[in-house]
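*Asks:* Below you will find the structure I want to go over with you.
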Amino acid sequence: MRIEIEKVTKRLGSTLVIDAVSLEIREREFIGLLGPSGSGKTTLLRILAGLEFADEGRVLFGGRDGATLTVEAREVGIVFQHYALFGHMSVFENIAFGLKVRPRSSRPPRREIAATVERLLQLVQLEGFGSRFPQQLSGGQRQRVAFARALATKPKLLLLDEPFGALDAKVRVDLRRWLRELHDATALTTVFVTHDQEEALALADRVAIMAGGRIEQVGTPTEVYEAPQTPFVYEFLGRTNAFDCVIADGRARIGDKSFPVENKLPDGPAVAFVRPHDVILRHLDDLEPSADATITSAASVRVVTVLGPKAWVELSLGAQVIAAEVAREVATQLAIAAGKSYKLQLRLPRFFQKEAKVSRPE
Amino acid sequence: MNAVSTIARARGTKRHVLPGFGLTLGFTLTYLGFIVLIPLAVLFVQAAGAGGARFVGELTNPRTLSAFRVSFETAFVAACLNAAFGLLIAWVLVRYRFPGRRFVDALIDLPFGLPTAVAGISLTTLYASTGWLGRPLAALDIHVAFTRLGILVALVFVGLPFVVRTVEPVLRDFDRELEEAAALLGANRAHIVARVILPPLVPALLTGFTLAFARAIGEYGSVIFIAGNMPGLTEILPLLIVIKLEQFDYAGATVIAALMLVASFVLLLAINLLQGWMRRRQGG
Amino acid sequence: MADGFALARRPDRGMSAPPRVRLPLSEPALMRGAMLALALAFLGVFLVLPLTVVFAEAFSQGARVYFAALTEPEAIAAIRLTVLTAAICVPLNTAFGLAAAWSITKFEFPGKSLLLTLIDLPFSVSPVVAGLVYVLLFGLQGLFGTWLVEHGIKIIFAVPGIALATLFVTLPFVARELIPLMDSQGTTQEEAALVLGANGRQTFLRVTLPSIKWGLLYGVLLCNGRAIGEFGAVAVVSGHIIGLTNTMPLHIEVLYNDYAFAASFAVASLLTLMALVTLAMKTILEWRVGRAAAIHVH
């Protein structure tokens, strides 16, 4: 089912929780709403579910205005972060609930309900668990029951509210893979909310990054990571170094070098972002002909931390602290250690106007 | 209740997702209004209608004044006793292990569940000069039944569970590490109890005290059998109200009831404020 | 836990191996014993003795007198009236408790804490005042007194008055049990049910009610206990008309004032047994409610 969110606004008291958000969700798409807490992503999800109402704007479900639809007519399924399983009902009863509460005219016969539940238990790999109760299940199992329950009513839209937030790291990784397979098998339009960028980037077809009630950027995981459109997106996804600079005639100075500014920004104060893995350390006497991108003033190493295949190096260049991510072999090769000095080569700096930092959430 | 509530209504009215808000709140307010609020309001209106002269008359009436004194003084002392012993009992129940502890813990709630009339006749029989406790006490020339002491005993009975039940959970949740830290810093047991454990209990103690006090002021059934009910000596306020009613002196009964409610309210408010002040000082 | 206190105070701390210092994490054993004895003595005097007296006095003239007291017509009428009052008041106040708890815990609206305070009001009002307010309304000289006489309706000195006074006094019990319980359960389960297509009735009956059943039972028990045992409020409105408007507590008073002590205590023993049963069930339910609360910890 296609969803069109048109200029939806929601206030809570005097706070603007969602600010004129528009988003189009395609058929069969797996889209993630990613952002820090307070960004409005959960509220937006609840509006899609019909659990909250927008103050302005509207949402179209397959072309129909959500305001005219009852919660059931939306054909939505939702999975909550803390499962919200009915503790006094067995796993079977939980999954069958959506079918059992249908009005008599549209209620499937008991045998059919049982068959559906069995099928779903197989789908979520919990065959034989039908007579157990939620307290007897692990967190990961409970969440899978919650999925089965949501899928039982054959929804056209699946909404997931930080579905793995309450689970251990290992379980989370397993379920992530399982969820992706599930989506590929069911081809159900799915919207999920998370604050875990790794999860969003790993799972989603497209990611909408939200902050302060607005969508900062929508795009595929690659797009948002490699071509962030706002400073917030850049800083939110992955670590970053920020350099204050001034743009003059299409160039800006970082350290003692002048860099070309690509995106046609006007002259004035700006900030340049460089990812830690785009900070290359070079020996002071290295004469590599990449003079344009190499800062020649020496940066001295403060701390080196080796974590598995990577080394994180913290350097100070004047008053600024810079983080560099270096492959372990390179760290060994350069014999990086605290106190030593290197030249820094900066690759792919992205420039943004200084004022553009307005959309930062509190 | 389902389809209608989510269909578009005029923008600006608050819509609720869960159904039944209007129905349940409406019923709640109506029921509460008719059973409790309107009757109480009528009481105050009628009391006000009795006129200022009547109020002054009652306030200066020695019998009324005595009833106020008897009720409030005995309630206060009983609440203090309940606070002291309630703290002790809560301490013993939470921190000590002894056979039958669970049973004792369950028994604490007896005054909550025992009908007041039963408590009344039972205590009277127990403390009358022929009673199991009354006789030995009479030998010591201590008379409980039909004296203020009797009222006190009855009020201690009815207020017994309040302090225990409010202090118990706080004591149970008390972090033993605080005691250990204090001990390692060199405090002796008395210090630890007085300066580390007791202070956080004070708010709960005050709450329990307040509840016991409020209950004791209005208590009727447990007291009238053992009190003796002599005007000016052992007559409690609720009894005075009943007597006025039996004499069809509605105005008098109303005035006294209103005064009693106001006095209780003021006292409880004062204690609440005291609690709030203490909480702010202690930082919660 | 021995007397670690004394160990730390050993005077001789010379060159020998340092004494094993035990921290004063508990009172000295003697003190503990004294405190325990004092606490138990207090409880024995104030709780156990009165309980024992009830049964001792009830049977003080033998079993025949005991059963005669319970089966004489006035006693039976009192029992019937008490049961009738409870049968009226408990369901009504349960309905109130459910409605109040639903509206307060599942929705946001201003004035909630005021509403909570108002619900607690009957607790802070003397039961005599509870009876008084109804006499003021429906008594002969009350607000509606003449109107009621004209229409031949009796409230005061009749069952309706007793029911009203008892309603007043027992109003908060079920609500006070349900409100914190439902508050801690939140609204997610109901929301899940709604999105799955359940309507309000189905959500309440299938999702909410089962998860509050122990707390509800607990509240109903407390409400029932108080309704049966209420004395002060009922004494004011009932008129003590023997055989007609005497509940069991009032009947106890009547018997006692007539010096029929054994009979009085016989009826009292019935109420005491009920109280003890309620206490036992309370304890069992408390254990259950504690477990039920654990179910909702994800």
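Going through the structure tokens in order, the chains are called A, B, and so on, while each chain numbers its residues from 1 and the ligands are numbered from 1 in the order shown.
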Could you name the residues that touch Gly225 (chain C) at 12 Å or less, counting only C-alpha atoms, but leaving out those on the same chain fewer than 5 positions away, as JSON, numbers by chain?
*Replies:* {"B": [110, 111, 112, 113, 114, 115, 116], "C": [82, 83, 85, 86, 87, 89, 90, 166, 169, 170, 173, 174, 218, 219, 220, 230, 231, 271, 272, 273, 274, 275, 276, 277, 278, 279, 281, 282]}
*Asks:* Filtering to N, CA and C atoms, could you give me those residues as a JSON list (two decimals), in the first residue's frame?
*Replies:*
```
[["chain", "number", "residue", "atom", "x", "y", "z"],
["B", 110, "LEU", "N", -5.69, -6.41, 60.61],
["B", 110, "LEU", "CA", -6.96, -6.72, 61.28],
["B", 110, "LEU", "C", -7.80, -5.48, 61.58],
["B", 111, "PRO", "N", -7.22, -4.41, 62.16],
["B", 111, "PRO", "CA", -8.06, -3.24, 62.45],
["B", 111, "PRO", "C", -8.70, -2.63, 61.21],
["B", 112, "PHE", "N", -8.11, -2.85, 60.04],
["B", 112, "PHE", "CA", -8.73, -2.36, 58.83],
["B", 112, "PHE", "C", -10.01, -3.12, 58.53],
["B", 113, "GLY", "N", -9.97, -4.42, 58.77],
["B", 113, "GLY", "CA", -11.07, -5.26, 58.31],
["B", 113, "GLY", "C", -12.10, -5.58, 59.38],
["B", 114, "LEU", "N", -11.73, -5.38, 60.65],
["B", 114, "LEU", "CA", -12.67, -5.74, 61.71],
["B", 114, "LEU", "C", -13.71, -4.64, 61.88],
["B", 115, "PRO", "N", -14.99, -4.99, 61.87],
["B", 115, "PRO", "CA", -16.01, -3.96, 62.06],
["B", 115, "PRO", "C", -15.81, -3.20, 63.36],
["B", 116, "THR", "N", -16.03, -1.91, 63.31],
["B", 116, "THR", "CA", -15.70, -1.08, 64.47],
["B", 116, "THR", "C", -16.53, -1.45, 65.69],
["C", 82, "THR", "N", -27.83, -6.84, 56.24],
["C", 82, "THR", "CA", -26.41, -6.61, 55.97],
["C", 82, "THR", "C", -26.03, -7.15, 54.61],
["C", 83, "VAL", "N", -26.48, -8.35, 54.32],
["C", 83, "VAL", "CA", -26.14, -8.95, 53.03],
["C", 83, "VAL", "C", -26.75, -8.13, 51.89],
["C", 85, "THR", "N", -27.45, -4.93, 51.91],
["C", 85, "THR", "CA", -26.69, -3.69, 51.75],
["C", 85, "THR", "C", -25.41, -3.95, 50.96],
["C", 86, "ALA", "N", -24.71, -4.99, 51.32],
["C", 86, "ALA", "CA", -23.48, -5.30, 50.59],
["C", 86, "ALA", "C", -23.78, -5.61, 49.14],
["C", 87, "ALA", "N", -24.89, -6.33, 48.91],
["C", 87, "ALA", "CA", -25.23, -6.70, 47.54],
["C", 87, "ALA", "C", -25.56, -5.48, 46.70],
["C", 89, "CYS", "N", -24.30, -2.22, 47.50],
["C", 89, "CYS", "CA", -23.20, -1.25, 47.47],
["C", 89, "CYS", "C", -21.96, -1.76, 46.75],
["C", 90, "VAL", "N", -21.65, -3.02, 46.93],
["C", 90, "VAL", "CA", -20.39, -3.50, 46.35],
["C", 90, "VAL", "C", -20.43, -3.44, 44.82],
["C", 166, "THR", "N", -23.82, 3.71, 53.29],
["C", 166, "THR", "CA", -22.77, 2.71, 53.06],
["C", 166, "THR", "C", -22.05, 2.98, 51.75],
["C", 169, "VAL", "N", -19.43, 5.64, 52.35],
["C", 169, "VAL", "CA", -18.27, 5.23, 53.12],
["C", 169, "VAL", "C", -17.38, 4.25, 52.35],
["C", 170, "THR", "N", -17.96, 3.44, 51.50],
["C", 170, "THR", "CA", -17.15, 2.42, 50.82],
["C", 170, "THR", "C", -16.77, 2.81, 49.39],
["C", 173, "PHE", "N", -12.91, 2.30, 47.83],
["C", 173, "PHE", "CA", -12.08, 1.10, 47.95],
["C", 173, "PHE", "C", -11.64, 0.47, 46.63],
["C", 174, "VAL", "N", -12.58, 0.20, 45.76],
["C", 174, "VAL", "CA", -12.21, -0.46, 44.51],
["C", 174, "VAL", "C", -11.36, 0.48, 43.65],
["C", 218, "TYR", "N", -9.30, -7.99, 45.03],
["C", 218, "TYR", "CA", -8.77, -7.39, 46.25],
["C", 218, "TYR", "C", -9.62, -6.20, 46.67],
["C", 219, "GLY", "N", -9.85, -5.28, 45.72],
["C", 219, "GLY", "CA", -10.64, -4.09, 46.03],
["C", 219, "GLY", "C", -12.06, -4.45, 46.41],
["C", 220, "VAL", "N", -12.63, -5.42, 45.71],
["C", 220, "VAL", "CA", -14.00, -5.83, 46.01],
["C", 220, "VAL", "C", -14.08, -6.42, 47.42],
["C", 230, "GLU", "N", -19.79, -1.60, 58.48],
["C", 230, "GLU", "CA", -19.96, -0.18, 58.75],
["C", 230, "GLU", "C", -20.95, 0.05, 59.87],
["C", 231, "PHE", "N", -20.57, 0.92, 60.78],
["C", 231, "PHE", "CA", -21.39, 1.14, 61.98],
["C", 231, "PHE", "C", -21.85, 2.58, 62.09],
["C", 271, "LEU", "N", -19.05, -11.75, 62.22],
["C", 271, "LEU", "CA", -18.36, -10.69, 61.50],
["C", 271, "LEU", "C", -16.85, -10.84, 61.60],
["C", 272, "THR", "N", -16.39, -11.28, 62.76],
["C", 272, "THR", "CA", -14.96, -11.45, 62.95],
["C", 272, "THR", "C", -14.43, -12.55, 62.03],
["C", 273, "LEU", "N", -15.21, -13.63, 61.93],
["C", 273, "LEU", "CA", -14.78, -14.70, 61.03],
["C", 273, "LEU", "C", -14.66, -14.18, 59.61],
["C", 274, "MET", "N", -15.66, -13.40, 59.21],
["C", 274, "MET", "CA", -15.61, -12.81, 57.87],
["C", 274, "MET", "C", -14.37, -11.97, 57.69],
["C", 275, "ALA", "N", -14.06, -11.18, 58.75],
["C", 275, "ALA", "CA", -12.88, -10.32, 58.66],
["C", 275, "ALA", "C", -11.62, -11.16, 58.52],
["C", 276, "LEU", "N", -11.55, -12.25, 59.26],
["C", 276, "LEU", "CA", -10.35, -13.09, 59.20],
["C", 276, "LEU", "C", -10.22, -13.75, 57.83],
["C", 277, "VAL", "N", -11.36, -14.19, 57.29],
["C", 277, "VAL", "CA", -11.32, -14.78, 55.96],
["C", 277, "VAL", "C", -10.84, -13.76, 54.94],
["C", 278, "THR", "N", -11.39, -12.54, 55.05],
["C", 278, "THR", "CA", -10.96, -11.47, 54.15],
["C", 278, "THR", "C", -9.47, -11.24, 54.27],
["C", 279, "LEU", "N", -8.98, -11.23, 55.50],
["C", 279, "LEU", "CA", -7.55, -11.03, 55.75],
["C", 279, "LEU", "C", -6.73, -12.12, 55.06],
["C", 281, "MET", "N", -7.61, -14.01, 52.52],
["C", 281, "MET", "CA", -7.67, -13.87, 51.06],
["C", 281, "MET", "C", -6.83, -12.70, 50.60],
["C", 282, "LYS", "N", -6.84, -11.63, 51.38],
["C", 282, "LYS", "CA", -5.99, -10.47, 51.07],
["C", 282, "LYS", "C", -4.54, -10.90, 50.94]]
```
*Asks:* Would you write out, as a Markdown table, a table of all residues in chain A that have an atom no more than 8 Å from an atom of chain C, listing for each the closest atom pair and the distance in Å to one decimal, considering only C-alpha atoms and ordering rows by chain and rising residue number?
*Replies:*
```
| residue | atom | partner | partner_atom | distance |
| --- | --- | --- | --- | --- |
| A:Ala49 | CA | C:Val195 | CA | 7.1 |
| A:Gly50 | CA | C:Val195 | CA | 7.9 |
| A:Leu51 | CA | C:Glu191 | CA | 7.2 |
| A:Val71 | CA | C:Val195 | CA | 6.0 |
| A:Glu72 | CA | C:Gly197 | CA | 4.9 |
| A:Val76 | CA | C:Val195 | CA | 6.9 |
| A:Gly77 | CA | C:Val195 | CA | 6.7 |
| A:Ile78 | CA | C:Val195 | CA | 7.1 |
| A:His82 | CA | C:His298 | CA | 6.1 |
| A:Tyr83 | CA | C:His298 | CA | 7.4 |
| A:Ala84 | CA | C:Gln189 | CA | 5.2 |
| A:Leu85 | CA | C:Gln189 | CA | 6.9 |
| A:Phe86 | CA | C:Gln189 | CA | 6.8 |
| A:Gly87 | CA | C:Ile295 | CA | 6.3 |
| A:His88 | CA | C:Ser211 | CA | 6.7 |
| A:Phe97 | CA | C:Leu196 | CA | 7.4 |
| A:Gly98 | CA | C:Leu196 | CA | 4.7 |
| A:Val101 | CA | C:Ala198 | CA | 5.4 |
| A:Arg102 | CA | C:Gly197 | CA | 6.9 |
| A:Gln135 | CA | C:Ile295 | CA | 6.5 |
| A:Ala150 | CA | C:Leu196 | CA | 7.1 |
| A:Thr153 | CA | C:Leu196 | CA | 7.1 |
```
*Asks:* As a ChimeraX atom specification, could you give me every residue of chain C near chain B (at most 6 Å apart, counting only C-alpha atoms)?
*Replies:* /C:23-24,39,50,54,99-100,103,126,128,133,168,199-200,229,231-232,249,268,275
*Asks:* Identify all residues of region 21-145 of chain A in strand (DSSP E) (DSSP on the backbone) and supply them as a list in words.
*Replies:* Val21, Ser22, Leu23, Glu24, Ile25, Phe30, Ile31, Gly32, Leu33, Leu34, Glu56, Gly57, Arg58, Val59, Leu60, Phe61, Arg64, Asp65, Val76, Gly77, Ile78 and Val79 of chain A
*Asks:* Can those selected residues be exported to a file as a PDB file, in the first residue's frame so that it contains N, CA and C atoms?
*Replies:*
```pdb
ATOM      1  N   VAL A  21       5.561  17.813   8.054  1.00  0.00           N
ATOM      2  CA  VAL A  21       6.353  16.748   7.442  1.00  0.00           C
ATOM      3  C   VAL A  21       5.611  16.153   6.259  1.00  0.00           C
ATOM      4  N   SER A  22       6.311  16.004   5.161  1.00  0.00           N
ATOM      5  CA  SER A  22       5.749  15.319   4.002  1.00  0.00           C
ATOM      6  C   SER A  22       6.674  14.196   3.594  1.00  0.00           C
ATOM      7  N   LEU A  23       6.091  13.070   3.272  1.00  0.00           N
ATOM      8  CA  LEU A  23       6.901  11.909   2.907  1.00  0.00           C
ATOM      9  C   LEU A  23       6.046  10.979   2.078  1.00  0.00           C
ATOM     10  N   GLU A  24       6.673  10.388   1.079  1.00  0.00           N
ATOM     11  CA  GLU A  24       5.947   9.405   0.275  1.00  0.00           C
ATOM     12  C   GLU A  24       6.571   8.047   0.509  1.00  0.00           C
ATOM     13  N   ILE A  25       5.752   7.087   0.854  1.00  0.00           N
ATOM     14  CA  ILE A  25       6.239   5.737   1.090  1.00  0.00           C
ATOM     15  C   ILE A  25       5.694   4.844  -0.003  1.00  0.00           C
ATOM     16  N   PHE A  30      10.668  -0.746   2.341  1.00  0.00           N
ATOM     17  CA  PHE A  30      11.077  -0.931   3.725  1.00  0.00           C
ATOM     18  C   PHE A  30      11.780   0.353   4.095  1.00  0.00           C
ATOM     19  N   ILE A  31      11.084   1.229   4.783  1.00  0.00           N
ATOM     20  CA  ILE A  31      11.639   2.539   5.054  1.00  0.00           C
ATOM     21  C   ILE A  31      11.872   2.741   6.546  1.00  0.00           C
ATOM     22  N   GLY A  32      12.995   3.342   6.863  1.00  0.00           N
ATOM     23  CA  GLY A  32      13.316   3.567   8.261  1.00  0.00           C
ATOM     24  C   GLY A  32      13.196   5.028   8.627  1.00  0.00           C
ATOM     25  N   LEU A  33      12.606   5.315   9.794  1.00  0.00           N
ATOM     26  CA  LEU A  33      12.597   6.673  10.330  1.00  0.00           C
ATOM     27  C   LEU A  33      13.682   6.708  11.398  1.00  0.00           C
ATOM     28  N   LEU A  34      14.729   7.455  11.113  1.00  0.00           N
ATOM     29  CA  LEU A  34      15.884   7.442  11.991  1.00  0.00           C
ATOM     30  C   LEU A  34      16.075   8.813  12.601  1.00  0.00           C
ATOM     31  N   GLU A  56      -2.614  19.197  11.813  1.00  0.00           N
ATOM     32  CA  GLU A  56      -2.782  19.724  10.462  1.00  0.00           C
ATOM     33  C   GLU A  56      -2.242  18.707   9.474  1.00  0.00           C
ATOM     34  N   GLY A  57      -2.674  18.838   8.231  1.00  0.00           N
ATOM     35  CA  GLY A  57      -2.172  17.941   7.199  1.00  0.00           C
ATOM     36  C   GLY A  57      -2.960  16.650   7.170  1.00  0.00           C
ATOM     37  N   ARG A  58      -2.595  15.769   6.275  1.00  0.00           N
ATOM     38  CA  ARG A  58      -3.321  14.511   6.207  1.00  0.00           C
ATOM     39  C   ARG A  58      -2.404  13.394   5.731  1.00  0.00           C
ATOM     40  N   VAL A  59      -2.889  12.172   5.921  1.00  0.00           N
ATOM     41  CA  VAL A  59      -2.153  10.994   5.485  1.00  0.00           C
ATOM     42  C   VAL A  59      -3.081  10.187   4.596  1.00  0.00           C
ATOM     43  N   LEU A  60      -2.563   9.819   3.414  1.00  0.00           N
ATOM     44  CA  LEU A  60      -3.371   9.019   2.499  1.00  0.00           C
ATOM     45  C   LEU A  60      -2.894   7.578   2.524  1.00  0.00           C
ATOM     46  N   PHE A  61      -3.816   6.676   2.766  1.00  0.00           N
ATOM     47  CA  PHE A  61      -3.506   5.259   2.769  1.00  0.00           C
ATOM     48  C   PHE A  61      -4.050   4.666   1.482  1.00  0.00           C
ATOM     49  N   ARG A  64      -6.705   6.805   0.162  1.00  0.00           N
ATOM     50  CA  ARG A  64      -7.832   7.198   1.020  1.00  0.00           C
ATOM     51  C   ARG A  64      -7.325   8.023   2.194  1.00  0.00           C
ATOM     52  N   ASP A  65      -8.073   9.063   2.530  1.00  0.00           N
ATOM     53  CA  ASP A  65      -7.682   9.948   3.621  1.00  0.00           C
ATOM     54  C   ASP A  65      -7.837   9.223   4.963  1.00  0.00           C
ATOM     55  N   VAL A  76      -3.555  -1.876   9.204  1.00  0.00           N
ATOM     56  CA  VAL A  76      -2.199  -1.635   9.677  1.00  0.00           C
ATOM     57  C   VAL A  76      -1.872  -2.656  10.746  1.00  0.00           C
ATOM     58  N   GLY A  77      -0.616  -3.064  10.796  1.00  0.00           N
ATOM     59  CA  GLY A  77      -0.166  -3.905  11.906  1.00  0.00           C
ATOM     60  C   GLY A  77       0.956  -3.174  12.616  1.00  0.00           C
ATOM     61  N   ILE A  78       1.014  -3.287  13.936  1.00  0.00           N
ATOM     62  CA  ILE A  78       2.057  -2.568  14.666  1.00  0.00           C
ATOM     63  C   ILE A  78       2.765  -3.489  15.646  1.00  0.00           C
ATOM     64  N   VAL A  79       4.056  -3.333  15.739  1.00  0.00           N
ATOM     65  CA  VAL A  79       4.865  -4.066  16.719  1.00  0.00           C
ATOM     66  C   VAL A  79       5.525  -3.046  17.628  1.00  0.00           C
TER      67      VAL A  79
END
```
*Asks:* Between chain A and chain B, at 6 Å or less, what are the per-residue closest atom pairs and their distances in Å? Count only C-alpha atoms, order by chain and rising residue number, and return it as JSON lines.
*Replies:*
```
{"residue": "A:Leu51", "atom": "CA", "partner": "B:Val17", "partner_atom": "CA", "distance": 5.7}
{"residue": "A:Ala67", "atom": "CA", "partner": "B:Ala8", "partner_atom": "CA", "distance": 5.3}
{"residue": "A:Thr68", "atom": "CA", "partner": "B:Ile7", "partner_atom": "CA", "distance": 5.2}
{"residue": "A:Thr70", "atom": "CA", "partner": "B:Thr6", "partner_atom": "CA", "distance": 5.6}
```
*Asks:* Could you write those residues out with N, CA and C atoms, as a short mmCIF file (atom, residue, chain, number, x, y, z; two decimals), in the first residue's frame?
*Replies:*
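Heads up, here's the output in out-v4.cif:
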```
data_model
loop_
_atom_site.label_atom_id
_atom_site.label_comp_id
_atom_site.auth_asym_id
_atom_site.auth_seq_id
_atom_site.Cartn_x
_atom_site.Cartn_y
_atom_site.Cartn_z
N LEU A 51 -3.07 5.90 16.25
CA LEU A 51 -3.07 6.03 17.70
C LEU A 51 -2.93 7.48 18.12
N ALA A 67 -8.18 10.27 7.83
CA ALA A 67 -9.15 10.83 8.77
C ALA A 67 -10.52 10.18 8.62
N THR A 68 -10.80 9.62 7.45
CA THR A 68 -12.09 8.98 7.25
C THR A 68 -12.03 7.49 7.57
N THR A 70 -11.38 4.21 10.02
CA THR A 70 -11.23 3.71 11.38
C THR A 70 -9.89 3.01 11.49
#
```
*Asks:* Give me every alpha helix (DSSP H) residue in region 63-176 of chain B, going by DSSP on the backbone, as a ChimeraX atom specification.
*Replies:* /B:63-95,101-107,110-113,116-127,134-139,148-172,176
*Asks:* For Ser269 (chain C), find every residue with an atom within 10 Å (counting only C-alpha atoms), except residues of its own chain fewer than 4 positions away, and show them as a PyMOL selection string.
*Replies:* (chain B and resi 118) or (chain C and resi 51-59+66+263-265+273-275)
*Asks:* Okay, now the selection with N, CA and C atoms, as a short mmCIF file (atom, residue, chain, number, x, y, z; two decimals), in the first residue's frame?
*Replies:*
```
data_model
loop_
_atom_site.label_atom_id
_atom_site.label_comp_id
_atom_site.auth_asym_id
_atom_site.auth_seq_id
_atom_site.Cartn_x
_atom_site.Cartn_y
_atom_site.Cartn_z
N VAL B 118 -17.53 -4.38 66.56
CA VAL B 118 -16.92 -5.57 67.16
C VAL B 118 -15.71 -5.18 67.98
N LEU C 51 -9.18 -10.17 69.67
CA LEU C 51 -9.70 -11.26 68.84
C LEU C 51 -10.18 -12.42 69.70
N THR C 52 -9.32 -12.78 70.64
CA THR C 52 -9.66 -13.93 71.49
C THR C 52 -10.90 -13.66 72.32
N VAL C 53 -10.99 -12.43 72.82
CA VAL C 53 -12.14 -12.06 73.65
C VAL C 53 -13.44 -12.31 72.90
N VAL C 54 -13.47 -11.95 71.61
CA VAL C 54 -14.70 -12.11 70.84
C VAL C 54 -15.21 -13.54 70.94
N PHE C 55 -14.31 -14.47 70.66
CA PHE C 55 -14.75 -15.85 70.62
C PHE C 55 -14.98 -16.41 72.02
N ALA C 56 -14.15 -15.97 72.97
CA ALA C 56 -14.33 -16.45 74.33
C ALA C 56 -15.69 -16.04 74.87
N GLU C 57 -16.02 -14.76 74.68
CA GLU C 57 -17.30 -14.27 75.18
C GLU C 57 -18.46 -14.89 74.42
N ALA C 58 -18.27 -15.09 73.10
CA ALA C 58 -19.36 -15.65 72.30
C ALA C 58 -19.79 -17.00 72.83
N PHE C 59 -18.79 -17.79 73.23
CA PHE C 59 -19.11 -19.14 73.70
C PHE C 59 -19.18 -19.23 75.22
N TYR C 66 -25.02 -19.77 71.86
CA TYR C 66 -24.35 -19.21 70.69
C TYR C 66 -25.22 -19.37 69.45
N ALA C 263 -24.91 -13.16 73.37
CA ALA C 263 -25.56 -13.07 72.06
C ALA C 263 -24.86 -12.04 71.20
N SER C 264 -24.54 -10.90 71.84
CA SER C 264 -23.88 -9.83 71.10
C SER C 264 -22.57 -10.32 70.50
N PHE C 265 -21.80 -11.01 71.34
CA PHE C 265 -20.52 -11.50 70.84
C PHE C 265 -20.69 -12.63 69.84
N LEU C 273 -15.21 -13.63 61.93
CA LEU C 273 -14.78 -14.70 61.03
C LEU C 273 -14.66 -14.18 59.61
N MET C 274 -15.66 -13.40 59.21
CA MET C 274 -15.61 -12.81 57.87
C MET C 274 -14.37 -11.97 57.69
N ALA C 275 -14.06 -11.18 58.75
CA ALA C 275 -12.88 -10.32 58.66
C ALA C 275 -11.62 -11.16 58.52
#
```
*Asks:* Quick one: residues within 10 Å of region 140-146 of chain C, only C-alpha atoms, excluding same-chain residues fewer than 2 positions away - as a ChimeraX atom specification?
*Replies:* /B:42,46,248-250 /C:133-138,148-156
*Asks:* Using only C-alpha atoms, which protein or nucleic acid residues come within 9 Å of Arg251 (chain A)? Drop anything in the same chain fewer than 2 positions from it, and give the result as an MDAnalysis selection string.
*Replies:* chainID A and resid 246:249 253 258:262 267
*Asks:* Quick one: residues within 9 Å of Gln229 (chain A), only C-alpha atoms counted, chain neighbours fewer than 6 positions away excluded, as a PyMOL selection string?
*Replies:* chain A and resi 216-217+352
*Asks:* Include C-alpha atoms and write out the residues we just selected as a PDB file, in the first residue's frame.
*Replies:*
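Result went into part_31.pdb, see below:
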```pdb
ATOM      1  CA  GLU A 216      16.353  16.328   7.278  1.00  0.00           C
ATOM      2  CA  GLN A 217      16.916  14.007   4.370  1.00  0.00           C
ATOM      3  CA  PHE A 352      27.970  23.639   4.744  1.00  0.00           C
TER       4      PHE A 352
END
```
*Asks:* Neighbouring residues of Pro231 (chain B) were defined as those with any atom within 10 Å, considering only C-alpha atoms; residues of the same chain fewer than 5 positions away were excluded. Please report them as a CSV table (one decimal) with C-alpha atoms, in the first residue's frame.
*Replies:*
```
chain,number,residue,atom,x,y,z
B,62,PRO,CA,-18.3,24.1,77.1
B,63,ARG,CA,-19.7,20.7,76.1
B,64,THR,CA,-18.7,21.2,72.5
B,66,SER,CA,-14.8,19.6,75.7
B,67,ALA,CA,-15.8,17.2,72.9
B,236,ILE,CA,-16.2,12.5,71.6
B,239,LEU,CA,-21.1,11.2,69.5
B,240,LEU,CA,-22.1,14.8,70.1
```
